[in-house]
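Participant: What follows is upload-v4.pdb, PDB, C-alpha atoms, pLDDT in the B column.
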ATOM      1  CA  GLY A   1       1.245  19.828 -21.830  1.00 77.00           C
ATOM      2  CA  ASP A   2      -1.836  20.252 -19.711  1.00 84.00           C
ATOM      3  CA  SER A   3      -2.857  23.732 -18.676  1.00 89.00           C
ATOM      4  CA  VAL A   4      -5.616  25.735 -17.022  1.00 93.00           C
ATOM      5  CA  THR A   5      -6.349  29.363 -17.870  1.00 95.00           C
ATOM      6  CA  GLN A   6      -8.147  31.837 -15.662  1.00 96.00           C
ATOM      7  CA  THR A   7      -8.257  35.156 -17.461  1.00 93.00           C
ATOM      8  CA  GLU A   8      -9.249  37.392 -14.547  1.00 93.00           C
ATOM      9  CA  GLY A   9      -6.791  37.904 -11.748  1.00 93.00           C
ATOM     10  CA  GLN A  10      -9.294  39.910  -9.749  1.00 95.00           C
ATOM     11  CA  VAL A  11     -13.046  40.341  -9.869  1.00 96.00           C
ATOM     12  CA  THR A  12     -15.076  42.860  -7.841  1.00 97.00           C
ATOM     13  CA  VAL A  13     -18.822  42.361  -7.443  1.00 97.00           C
ATOM     14  CA  SER A  14     -21.407  43.999  -5.224  1.00 97.00           C
ATOM     15  CA  GLU A  15     -23.259  41.853  -2.739  1.00 97.00           C
ATOM     16  CA  SER A  16     -26.382  40.134  -4.136  1.00 96.00           C
ATOM     17  CA  LYS A  17     -25.145  40.472  -7.724  1.00 97.00           C
ATOM     18  CA  SER A  18     -24.347  37.551  -9.999  1.00 97.00           C
ATOM     19  CA  LEU A  19     -20.856  36.205 -10.600  1.00 97.00           C
ATOM     20  CA  ILE A  20     -19.004  34.344 -13.289  1.00 97.00           C
ATOM     21  CA  ILE A  21     -15.327  33.378 -13.084  1.00 97.00           C
ATOM     22  CA  ASN A  22     -13.919  32.033 -16.314  1.00 97.00           C
ATOM     23  CA  CYS A  23     -11.840  28.872 -16.660  1.00 97.00           C
ATOM     24  CA  THR A  24     -10.680  27.096 -19.784  1.00 96.00           C
ATOM     25  CA  TYR A  25      -8.421  24.087 -19.986  1.00 94.00           C
ATOM     26  CA  SER A  26      -6.195  22.142 -22.314  1.00 91.00           C
ATOM     27  CA  ALA A  27      -5.466  18.474 -21.751  1.00 85.00           C
ATOM     28  CA  THR A  28      -3.132  16.370 -23.883  1.00 77.00           C
ATOM     29  CA  SER A  29      -4.728  13.017 -23.176  1.00 65.00           C
ATOM     30  CA  ILE A  30      -7.571  11.758 -25.353  1.00 54.00           C
ATOM     31  CA  ALA A  31      -9.774  11.108 -22.352  1.00 64.00           C
ATOM     32  CA  TYR A  32     -11.494  13.897 -20.507  1.00 77.00           C
ATOM     33  CA  PRO A  33      -9.830  15.335 -17.440  1.00 87.00           C
ATOM     34  CA  ASN A  34     -11.394  15.605 -14.014  1.00 89.00           C
ATOM     35  CA  LEU A  35     -12.139  19.267 -13.241  1.00 93.00           C
ATOM     36  CA  PHE A  36     -12.193  21.073  -9.915  1.00 95.00           C
ATOM     37  CA  TRP A  37     -12.771  24.427  -8.284  1.00 97.00           C
ATOM     38  CA  TYR A  38     -10.877  25.109  -5.075  1.00 97.00           C
ATOM     39  CA  VAL A  39     -11.283  28.121  -2.794  1.00 97.00           C
ATOM     40  CA  ARG A  40      -8.888  29.758  -0.354  1.00 94.00           C
ATOM     41  CA  TYR A  41     -10.404  31.988   2.285  1.00 93.00           C
ATOM     42  CA  PRO A  42      -8.092  34.525   3.985  1.00 88.00           C
ATOM     43  CA  GLY A  43      -5.663  32.844   6.349  1.00 84.00           C
ATOM     44  CA  GLU A  44      -6.721  29.330   5.417  1.00 87.00           C
ATOM     45  CA  GLY A  45      -5.542  26.554   3.152  1.00 87.00           C
ATOM     46  CA  LEU A  46      -7.254  25.598  -0.071  1.00 92.00           C
ATOM     47  CA  GLN A  47     -10.402  23.531   0.113  1.00 93.00           C
ATOM     48  CA  LEU A  48     -12.428  21.821  -2.539  1.00 94.00           C
ATOM     49  CA  LEU A  49     -15.477  23.791  -3.637  1.00 96.00           C
ATOM     50  CA  LEU A  50     -16.802  21.426  -6.289  1.00 96.00           C
ATOM     51  CA  LYS A  51     -15.698  18.805  -8.783  1.00 93.00           C
ATOM     52  CA  VAL A  52     -16.991  17.236 -11.990  1.00 93.00           C
ATOM     53  CA  ILE A  53     -15.457  14.103 -13.444  1.00 87.00           C
ATOM     54  CA  THR A  54     -17.857  13.495 -16.323  1.00 88.00           C
ATOM     55  CA  ALA A  55     -18.044  15.735 -19.377  1.00 89.00           C
ATOM     56  CA  GLY A  56     -21.419  17.441 -19.723  1.00 91.00           C
ATOM     57  CA  GLN A  57     -22.225  17.246 -16.032  1.00 93.00           C
ATOM     58  CA  LYS A  58     -22.702  20.114 -13.597  1.00 96.00           C
ATOM     59  CA  GLY A  59     -21.288  20.390 -10.109  1.00 96.00           C
ATOM     60  CA  SER A  60     -22.669  22.584  -7.367  1.00 96.00           C
ATOM     61  CA  SER A  61     -21.836  23.572  -3.819  1.00 96.00           C
ATOM     62  CA  ARG A  62     -22.662  26.495  -1.493  1.00 95.00           C
ATOM     63  CA  GLY A  63     -24.694  28.154  -4.234  1.00 96.00           C
ATOM     64  CA  PHE A  64     -21.866  27.917  -6.782  1.00 98.00           C
ATOM     65  CA  GLU A  65     -22.224  25.944 -10.013  1.00 97.00           C
ATOM     66  CA  ALA A  66     -19.883  24.896 -12.803  1.00 97.00           C
ATOM     67  CA  THR A  67     -20.651  22.925 -15.951  1.00 95.00           C
ATOM     68  CA  TYR A  68     -18.059  20.748 -17.685  1.00 94.00           C
ATOM     69  CA  ASN A  69     -18.266  21.829 -21.350  1.00 94.00           C
ATOM     70  CA  LYS A  70     -16.128  19.575 -23.523  1.00 90.00           C
ATOM     71  CA  GLU A  71     -16.925  21.482 -26.736  1.00 91.00           C
ATOM     72  CA  THR A  72     -15.581  24.788 -25.485  1.00 93.00           C
ATOM     73  CA  THR A  73     -13.162  23.137 -22.992  1.00 93.00           C
ATOM     74  CA  SER A  74     -14.532  25.413 -20.294  1.00 95.00           C
ATOM     75  CA  PHE A  75     -15.506  25.051 -16.667  1.00 97.00           C
ATOM     76  CA  HIS A  76     -16.762  28.499 -15.631  1.00 97.00           C
ATOM     77  CA  LEU A  77     -17.804  29.100 -12.026  1.00 98.00           C
ATOM     78  CA  GLN A  78     -21.122  30.895 -11.479  1.00 98.00           C
ATOM     79  CA  LYS A  79     -23.232  32.122  -8.612  1.00 98.00           C
ATOM     80  CA  ALA A  80     -26.565  33.898  -8.871  1.00 97.00           C
ATOM     81  CA  SER A  81     -26.192  36.096  -5.790  1.00 97.00           C
ATOM     82  CA  VAL A  82     -22.862  36.560  -4.020  1.00 97.00           C
ATOM     83  CA  GLN A  83     -22.340  37.353  -0.363  1.00 96.00           C
ATOM     84  CA  GLU A  84     -19.543  39.256   1.307  1.00 96.00           C
ATOM     85  CA  SER A  85     -18.391  35.985   2.863  1.00 95.00           C
ATOM     86  CA  ASP A  86     -17.643  34.652  -0.636  1.00 97.00           C
ATOM     87  CA  SER A  87     -14.623  36.959  -0.850  1.00 97.00           C
ATOM     88  CA  ALA A  88     -11.720  34.596  -1.445  1.00 97.00           C
ATOM     89  CA  VAL A  89      -9.325  33.318  -4.102  1.00 95.00           C
ATOM     90  CA  TYR A  90     -10.804  30.735  -6.473  1.00 97.00           C
ATOM     91  CA  TYR A  91      -8.656  28.229  -8.358  1.00 97.00           C
ATOM     92  CA  CYS A  92      -9.674  26.086 -11.294  1.00 97.00           C
ATOM     93  CA  ALA A  93      -7.771  22.798 -11.592  1.00 94.00           C
ATOM     94  CA  LEU A  94      -7.609  19.635 -13.637  1.00 91.00           C
ATOM     95  CA  ARG A  95      -6.298  16.122 -13.337  1.00 86.00           C
ATOM     96  CA  SER A  96      -5.662  14.509 -16.693  1.00 73.00           C
ATOM     97  CA  ASP A  97      -5.183  10.902 -17.625  1.00 64.00           C
ATOM     98  CA  THR A  98      -1.688  11.394 -18.965  1.00 63.00           C
ATOM     99  CA  ASN A  99      -0.390  11.623 -15.443  1.00 65.00           C
ATOM    100  CA  ALA A 100      -3.237  10.534 -13.269  1.00 64.00           C
ATOM    101  CA  TYR A 101      -1.995  11.993 -10.011  1.00 76.00           C
ATOM    102  CA  LYS A 102      -0.612  15.296 -11.180  1.00 81.00           C
ATOM    103  CA  VAL A 103      -3.042  18.147 -10.570  1.00 86.00           C
ATOM    104  CA  ILE A 104      -2.609  21.386 -12.527  1.00 88.00           C
ATOM    105  CA  PHE A 105      -3.965  24.696 -11.257  1.00 93.00           C
ATOM    106  CA  GLY A 106      -4.896  27.975 -12.879  1.00 94.00           C
ATOM    107  CA  LYS A 107      -3.462  31.255 -11.612  1.00 94.00           C
ATOM    108  CA  GLY A 108      -6.422  31.957  -9.388  1.00 95.00           C
ATOM    109  CA  THR A 109      -9.075  34.693  -9.340  1.00 96.00           C
ATOM    110  CA  HIS A 110      -9.353  36.955  -6.324  1.00 95.00           C
ATOM    111  CA  LEU A 111     -13.019  37.751  -5.683  1.00 97.00           C
ATOM    112  CA  HIS A 112     -13.882  40.912  -3.758  1.00 97.00           C
ATOM    113  CA  VAL A 113     -17.516  41.241  -2.763  1.00 97.00           C
ATOM    114  CA  LEU A 114     -18.514  44.757  -1.806  1.00 96.00           C
ATOM    115  CA  PRO A 115     -21.097  45.179   0.960  1.00 93.00           C
TER     116      PRO A 115
ATOM    117  CA  GLU B   1     -12.046  14.667   8.183  1.00 60.00           C
ATOM    118  CA  ALA B   2      -8.838  14.640   6.198  1.00 55.00           C
ATOM    119  CA  ALA B   3      -5.943  16.315   7.974  1.00 92.00           C
ATOM    120  CA  VAL B   4      -2.736  17.801   6.611  1.00 95.00           C
ATOM    121  CA  THR B   5      -0.450  19.684   8.981  1.00 96.00           C
ATOM    122  CA  GLN B   6       2.422  21.899   7.922  1.00 96.00           C
ATOM    123  CA  SER B   7       5.268  23.346   9.956  1.00 96.00           C
ATOM    124  CA  PRO B   8       6.543  25.918  10.436  1.00 97.00           C
ATOM    125  CA  ARG B   9       3.692  28.219   9.479  1.00 95.00           C
ATOM    126  CA  ASN B  10       6.039  31.145   9.125  1.00 97.00           C
ATOM    127  CA  LYS B  11       9.777  31.161   8.502  1.00 97.00           C
ATOM    128  CA  VAL B  12      12.283  33.937   7.833  1.00 97.00           C
ATOM    129  CA  THR B  13      15.776  33.095   6.667  1.00 97.00           C
ATOM    130  CA  VAL B  14      18.652  34.777   4.877  1.00 97.00           C
ATOM    131  CA  THR B  15      20.034  34.161   1.411  1.00 97.00           C
ATOM    132  CA  GLY B  16      22.084  30.962   1.449  1.00 96.00           C
ATOM    133  CA  GLY B  17      20.263  29.621   4.476  1.00 96.00           C
ATOM    134  CA  ASN B  18      19.023  26.079   4.935  1.00 96.00           C
ATOM    135  CA  VAL B  19      15.268  25.535   5.328  1.00 97.00           C
ATOM    136  CA  THR B  20      13.146  22.441   5.842  1.00 98.00           C
ATOM    137  CA  LEU B  21       9.372  22.574   5.531  1.00 98.00           C
ATOM    138  CA  SER B  22       7.511  19.652   7.045  1.00 98.00           C
ATOM    139  CA  CYS B  23       4.185  18.107   6.166  1.00 98.00           C
ATOM    140  CA  ARG B  24       2.284  15.306   7.864  1.00 97.00           C
ATOM    141  CA  GLN B  25      -0.987  13.773   6.711  1.00 97.00           C
ATOM    142  CA  THR B  26      -3.210  11.483   8.733  1.00 95.00           C
ATOM    143  CA  ASN B  27      -5.469  10.517   5.831  1.00 90.00           C
ATOM    144  CA  SER B  28      -3.668   7.283   4.908  1.00 90.00           C
ATOM    145  CA  HIS B  29      -3.254   8.798   1.451  1.00 91.00           C
ATOM    146  CA  ASN B  30      -0.698   7.518  -1.002  1.00 90.00           C
ATOM    147  CA  TYR B  31       0.048  10.784  -2.787  1.00 91.00           C
ATOM    148  CA  MET B  32       1.574  13.921  -1.296  1.00 94.00           C
ATOM    149  CA  TYR B  33       2.442  17.171  -3.022  1.00 95.00           C
ATOM    150  CA  TRP B  34       4.355  20.399  -2.497  1.00 97.00           C
ATOM    151  CA  TYR B  35       3.127  23.519  -4.284  1.00 96.00           C
ATOM    152  CA  ARG B  36       4.226  27.107  -4.136  1.00 97.00           C
ATOM    153  CA  GLN B  37       1.706  29.889  -4.508  1.00 94.00           C
ATOM    154  CA  ASP B  38       2.694  33.271  -5.917  1.00 92.00           C
ATOM    155  CA  THR B  39       0.549  36.158  -7.047  1.00 84.00           C
ATOM    156  CA  GLY B  40       0.153  36.028 -10.808  1.00 83.00           C
ATOM    157  CA  HIS B  41       1.309  32.412 -11.019  1.00 88.00           C
ATOM    158  CA  GLY B  42      -1.236  30.514  -8.982  1.00 87.00           C
ATOM    159  CA  LEU B  43      -0.154  27.179  -7.561  1.00 92.00           C
ATOM    160  CA  ARG B  44       2.849  25.559  -9.146  1.00 93.00           C
ATOM    161  CA  LEU B  45       3.866  21.980  -8.435  1.00 92.00           C
ATOM    162  CA  ILE B  46       7.364  21.544  -7.039  1.00 96.00           C
ATOM    163  CA  HIS B  47       7.559  17.833  -6.163  1.00 95.00           C
ATOM    164  CA  TYR B  48       5.197  15.020  -5.391  1.00 93.00           C
ATOM    165  CA  SER B  49       5.378  11.447  -4.163  1.00 94.00           C
ATOM    166  CA  TYR B  50       3.270   8.303  -4.297  1.00 90.00           C
ATOM    167  CA  GLY B  51       4.738   6.612  -1.267  1.00 92.00           C
ATOM    168  CA  ALA B  52       7.610   6.325   1.166  1.00 95.00           C
ATOM    169  CA  GLY B  53      10.935   6.613  -0.606  1.00 95.00           C
ATOM    170  CA  ASN B  54       9.363   7.799  -3.865  1.00 94.00           C
ATOM    171  CA  LEU B  55       9.853  11.237  -5.414  1.00 95.00           C
ATOM    172  CA  GLN B  56       8.415  12.683  -8.613  1.00 92.00           C
ATOM    173  CA  ILE B  57       9.575  15.908 -10.221  1.00 92.00           C
ATOM    174  CA  GLY B  58       7.017  18.646 -10.610  1.00 90.00           C
ATOM    175  CA  ASP B  59       6.969  21.711 -12.832  1.00 89.00           C
ATOM    176  CA  VAL B  60       9.240  24.055 -10.847  1.00 95.00           C
ATOM    177  CA  PRO B  61      11.752  21.776  -9.063  1.00 96.00           C
ATOM    178  CA  ASP B  62      14.923  23.870  -9.387  1.00 96.00           C
ATOM    179  CA  GLY B  63      16.415  24.771  -6.030  1.00 96.00           C
ATOM    180  CA  TYR B  64      14.260  22.302  -4.116  1.00 98.00           C
ATOM    181  CA  LYS B  65      14.774  18.810  -2.800  1.00 97.00           C
ATOM    182  CA  ALA B  66      12.100  16.667  -1.215  1.00 97.00           C
ATOM    183  CA  THR B  67      11.988  13.462   0.735  1.00 97.00           C
ATOM    184  CA  ARG B  68       9.111  11.177   1.696  1.00 97.00           C
ATOM    185  CA  THR B  69      10.262   9.302   4.769  1.00 97.00           C
ATOM    186  CA  THR B  70       6.987   7.553   5.618  1.00 97.00           C
ATOM    187  CA  GLN B  71       3.509   7.431   4.192  1.00 96.00           C
ATOM    188  CA  GLU B  72       2.622  10.282   6.542  1.00 97.00           C
ATOM    189  CA  ASP B  73       5.611  12.606   6.210  1.00 98.00           C
ATOM    190  CA  PHE B  74       6.839  14.648   3.253  1.00 98.00           C
ATOM    191  CA  PHE B  75       9.615  17.233   3.581  1.00 98.00           C
ATOM    192  CA  LEU B  76      10.659  20.075   1.317  1.00 98.00           C
ATOM    193  CA  LEU B  77      14.287  21.148   1.553  1.00 97.00           C
ATOM    194  CA  LEU B  78      15.852  24.404   0.434  1.00 96.00           C
ATOM    195  CA  GLU B  79      19.604  23.980   0.918  1.00 92.00           C
ATOM    196  CA  LEU B  80      20.714  27.375  -0.374  1.00 94.00           C
ATOM    197  CA  ALA B  81      17.689  29.586  -0.091  1.00 96.00           C
ATOM    198  CA  SER B  82      17.342  32.533  -2.462  1.00 97.00           C
ATOM    199  CA  PRO B  83      14.997  35.555  -2.404  1.00 97.00           C
ATOM    200  CA  SER B  84      13.175  34.098  -5.427  1.00 96.00           C
ATOM    201  CA  GLN B  85      11.992  31.290  -3.157  1.00 97.00           C
ATOM    202  CA  THR B  86      10.061  33.717  -0.973  1.00 97.00           C
ATOM    203  CA  SER B  87       6.569  32.312  -1.318  1.00 97.00           C
ATOM    204  CA  LEU B  88       3.618  30.612   0.326  1.00 95.00           C
ATOM    205  CA  TYR B  89       4.079  26.844   0.272  1.00 97.00           C
ATOM    206  CA  PHE B  90       1.239  24.366   0.398  1.00 96.00           C
ATOM    207  CA  CYS B  91       1.375  20.673   1.083  1.00 97.00           C
ATOM    208  CA  ALA B  92      -1.453  18.433  -0.060  1.00 95.00           C
ATOM    209  CA  SER B  93      -2.403  14.773  -0.110  1.00 94.00           C
ATOM    210  CA  SER B  94      -4.708  12.623  -2.205  1.00 90.00           C
ATOM    211  CA  GLY B  95      -5.859   9.038  -2.059  1.00 83.00           C
ATOM    212  CA  GLY B  96      -4.244   7.689  -5.177  1.00 69.00           C
ATOM    213  CA  GLN B  97      -6.519   4.685  -5.204  1.00 64.00           C
ATOM    214  CA  GLY B  98      -8.315   3.357  -8.255  1.00 61.00           C
ATOM    215  CA  THR B  99     -11.473   5.341  -7.547  1.00 61.00           C
ATOM    216  CA  ASP B 100      -9.676   8.508  -6.541  1.00 67.00           C
ATOM    217  CA  THR B 101     -10.920  11.526  -8.496  1.00 71.00           C
ATOM    218  CA  GLY B 102      -7.830  13.603  -7.834  1.00 77.00           C
ATOM    219  CA  GLN B 103      -9.285  15.684  -5.011  1.00 86.00           C
ATOM    220  CA  LEU B 104      -6.500  17.214  -2.955  1.00 91.00           C
ATOM    221  CA  TYR B 105      -6.550  17.905   0.770  1.00 92.00           C
ATOM    222  CA  PHE B 106      -4.408  20.890   1.689  1.00 94.00           C
ATOM    223  CA  GLY B 107      -2.512  22.097   4.705  1.00 94.00           C
ATOM    224  CA  GLU B 108      -2.818  25.689   5.862  1.00 92.00           C
ATOM    225  CA  GLY B 109       0.379  26.819   4.193  1.00 94.00           C
ATOM    226  CA  SER B 110       3.899  27.808   5.209  1.00 96.00           C
ATOM    227  CA  LYS B 111       4.990  31.360   4.507  1.00 96.00           C
ATOM    228  CA  LEU B 112       8.701  31.567   3.748  1.00 97.00           C
ATOM    229  CA  THR B 113      10.607  34.822   3.484  1.00 97.00           C
ATOM    230  CA  VAL B 114      14.193  34.815   2.244  1.00 97.00           C
ATOM    231  CA  LEU B 115      15.991  38.083   2.934  1.00 96.00           C
TER     232      LEU B 115
END
When written as structure tokens, how does the structure in this file appear?
Facilitator:
Amino acid sequence: GDSVTQTEGQVTVSESKSLIINCTYSATSIAYPNLFWYVRYPGEGLQLLLKVITAGQKGSSRGFEATYNKETTSFHLQKASVQESDSAVYYCALRSDTNAYKVIFGKGTHLHVLP
Amino acid sequence: EAAVTQSPRNKVTVTGGNVTLSCRQTNSHNYMYWYRQDTGHGLRLIHYSYGAGNLQIGDVPDGYKATRTTQEDFFLLLELASPSQTSLYFCASSGGQGTDTGQLYFGEGSKLTVL
């Protein structure tokens, strides 16, 4: 079945440093899945951070970027300089063509940004 | 702006108790979802629906029933609650139209504690 893997449960970074949160996926359909990053700030619901629906393309939002790499089946989230306000839980997700309206999430990565 | 409202936001019950979590969306979306979020597991899909009267089984359905009474309203029912169902529950909606990318719009979550 489809799956999303986030290897780090928690990441701690000092403010102004760079960040990478890893995400790899597996999709059973022959077409390429739509890929997403969602973020949950403390006390809030999840909200979409960015999405990419075409393999090879890059999505960006609020200084974050992620590139859809079909060769390595990865969709890593990066930011050049994090801020304390970026502290949150980040979820990678996919929607595959085998079940077009079922969205699968990774386990989430809790980002702590130190002041 | 898309709107998904969950109630109650917090609920405490005892083992064997009966709990109903409610979700209403005002987005005119076809699809609605119930997820549970647990540390180390991320978001796991319980049930989802593509319209009034429809119900689809998710990945962790055991112990849960759901009902979609209208396009707007989706309920999650725990008829004999167990401590293992202590979790943070999220409702979400998505368009489900032909051009829909799979982006989900989430409620703020319902925290359930089963003693």
Participant: Here is a test: counting only C-alpha atoms, which residue of B:Leu80, B:Leu104, B:Leu88, B:Val114 is nearest to Arg44 in chain B?
Facilitator: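 Ranking B:Leu80, B:Leu104, B:Leu88, B:Val114 by distance to Arg44 in chain B, first place goes to B:Leu88.
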Participant: Can you measure CA of Gly109 in chain B to CA of Gln47 in chain A for me? One decimal in Å is fine.
Facilitator: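 Straight-line distance from CA of Gly109 in chain B to CA of Gln47 in chain A works out to 12.0 Å.
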Participant: What residues in chain A lie within 8 Å of chain B, counting only C-alpha atoms, written as an MDAnalysis selection string?
Facilitator: chainID A and resid 9 34 36 43:48 53 91 95 100:101 103:108
Participant: Evaluate the PyMOL selection byres ((chain B and resi 81) around 7) and record the selected residues as a PyMOL selection string, following the chain and residue labels used in the document.
Facilitator: chain B and resi 15-18+78-80+82-83+85+114
Participant: Put those residues in a file: C-alpha atoms, as a compact mmCIF listing (two decimals), in the frame of the given file.
Facilitator:
# COMPACT_ATOMS: atom_id res chain seq x y z
CA THR B 15 20.03 34.16 1.41
CA GLY B 16 22.08 30.96 1.45
CA GLY B 17 20.26 29.62 4.48
CA ASN B 18 19.02 26.08 4.93
CA LEU B 78 15.85 24.40 0.43
CA GLU B 79 19.60 23.98 0.92
CA LEU B 80 20.71 27.38 -0.37
CA SER B 82 17.34 32.53 -2.46
CA PRO B 83 15.00 35.56 -2.40
CA GLN B 85 11.99 31.29 -3.16
CA VAL B 114 14.19 34.82 2.24
Participant: Which residues, named as in the file, does the PyMOL selection byres ((chain B and resi 9) around 7) pick out? Answer as a ChimeraX atom specification.
Facilitator: /B:6-8,10-11,109-111
Participant: So how many Å separate CA of Ser18 in chain A and CA of His112 in chain A, to one decimal?
Facilitator: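 CA of His112 in chain A lies at a distance of 12.6 Å from CA of Ser18 in chain A.
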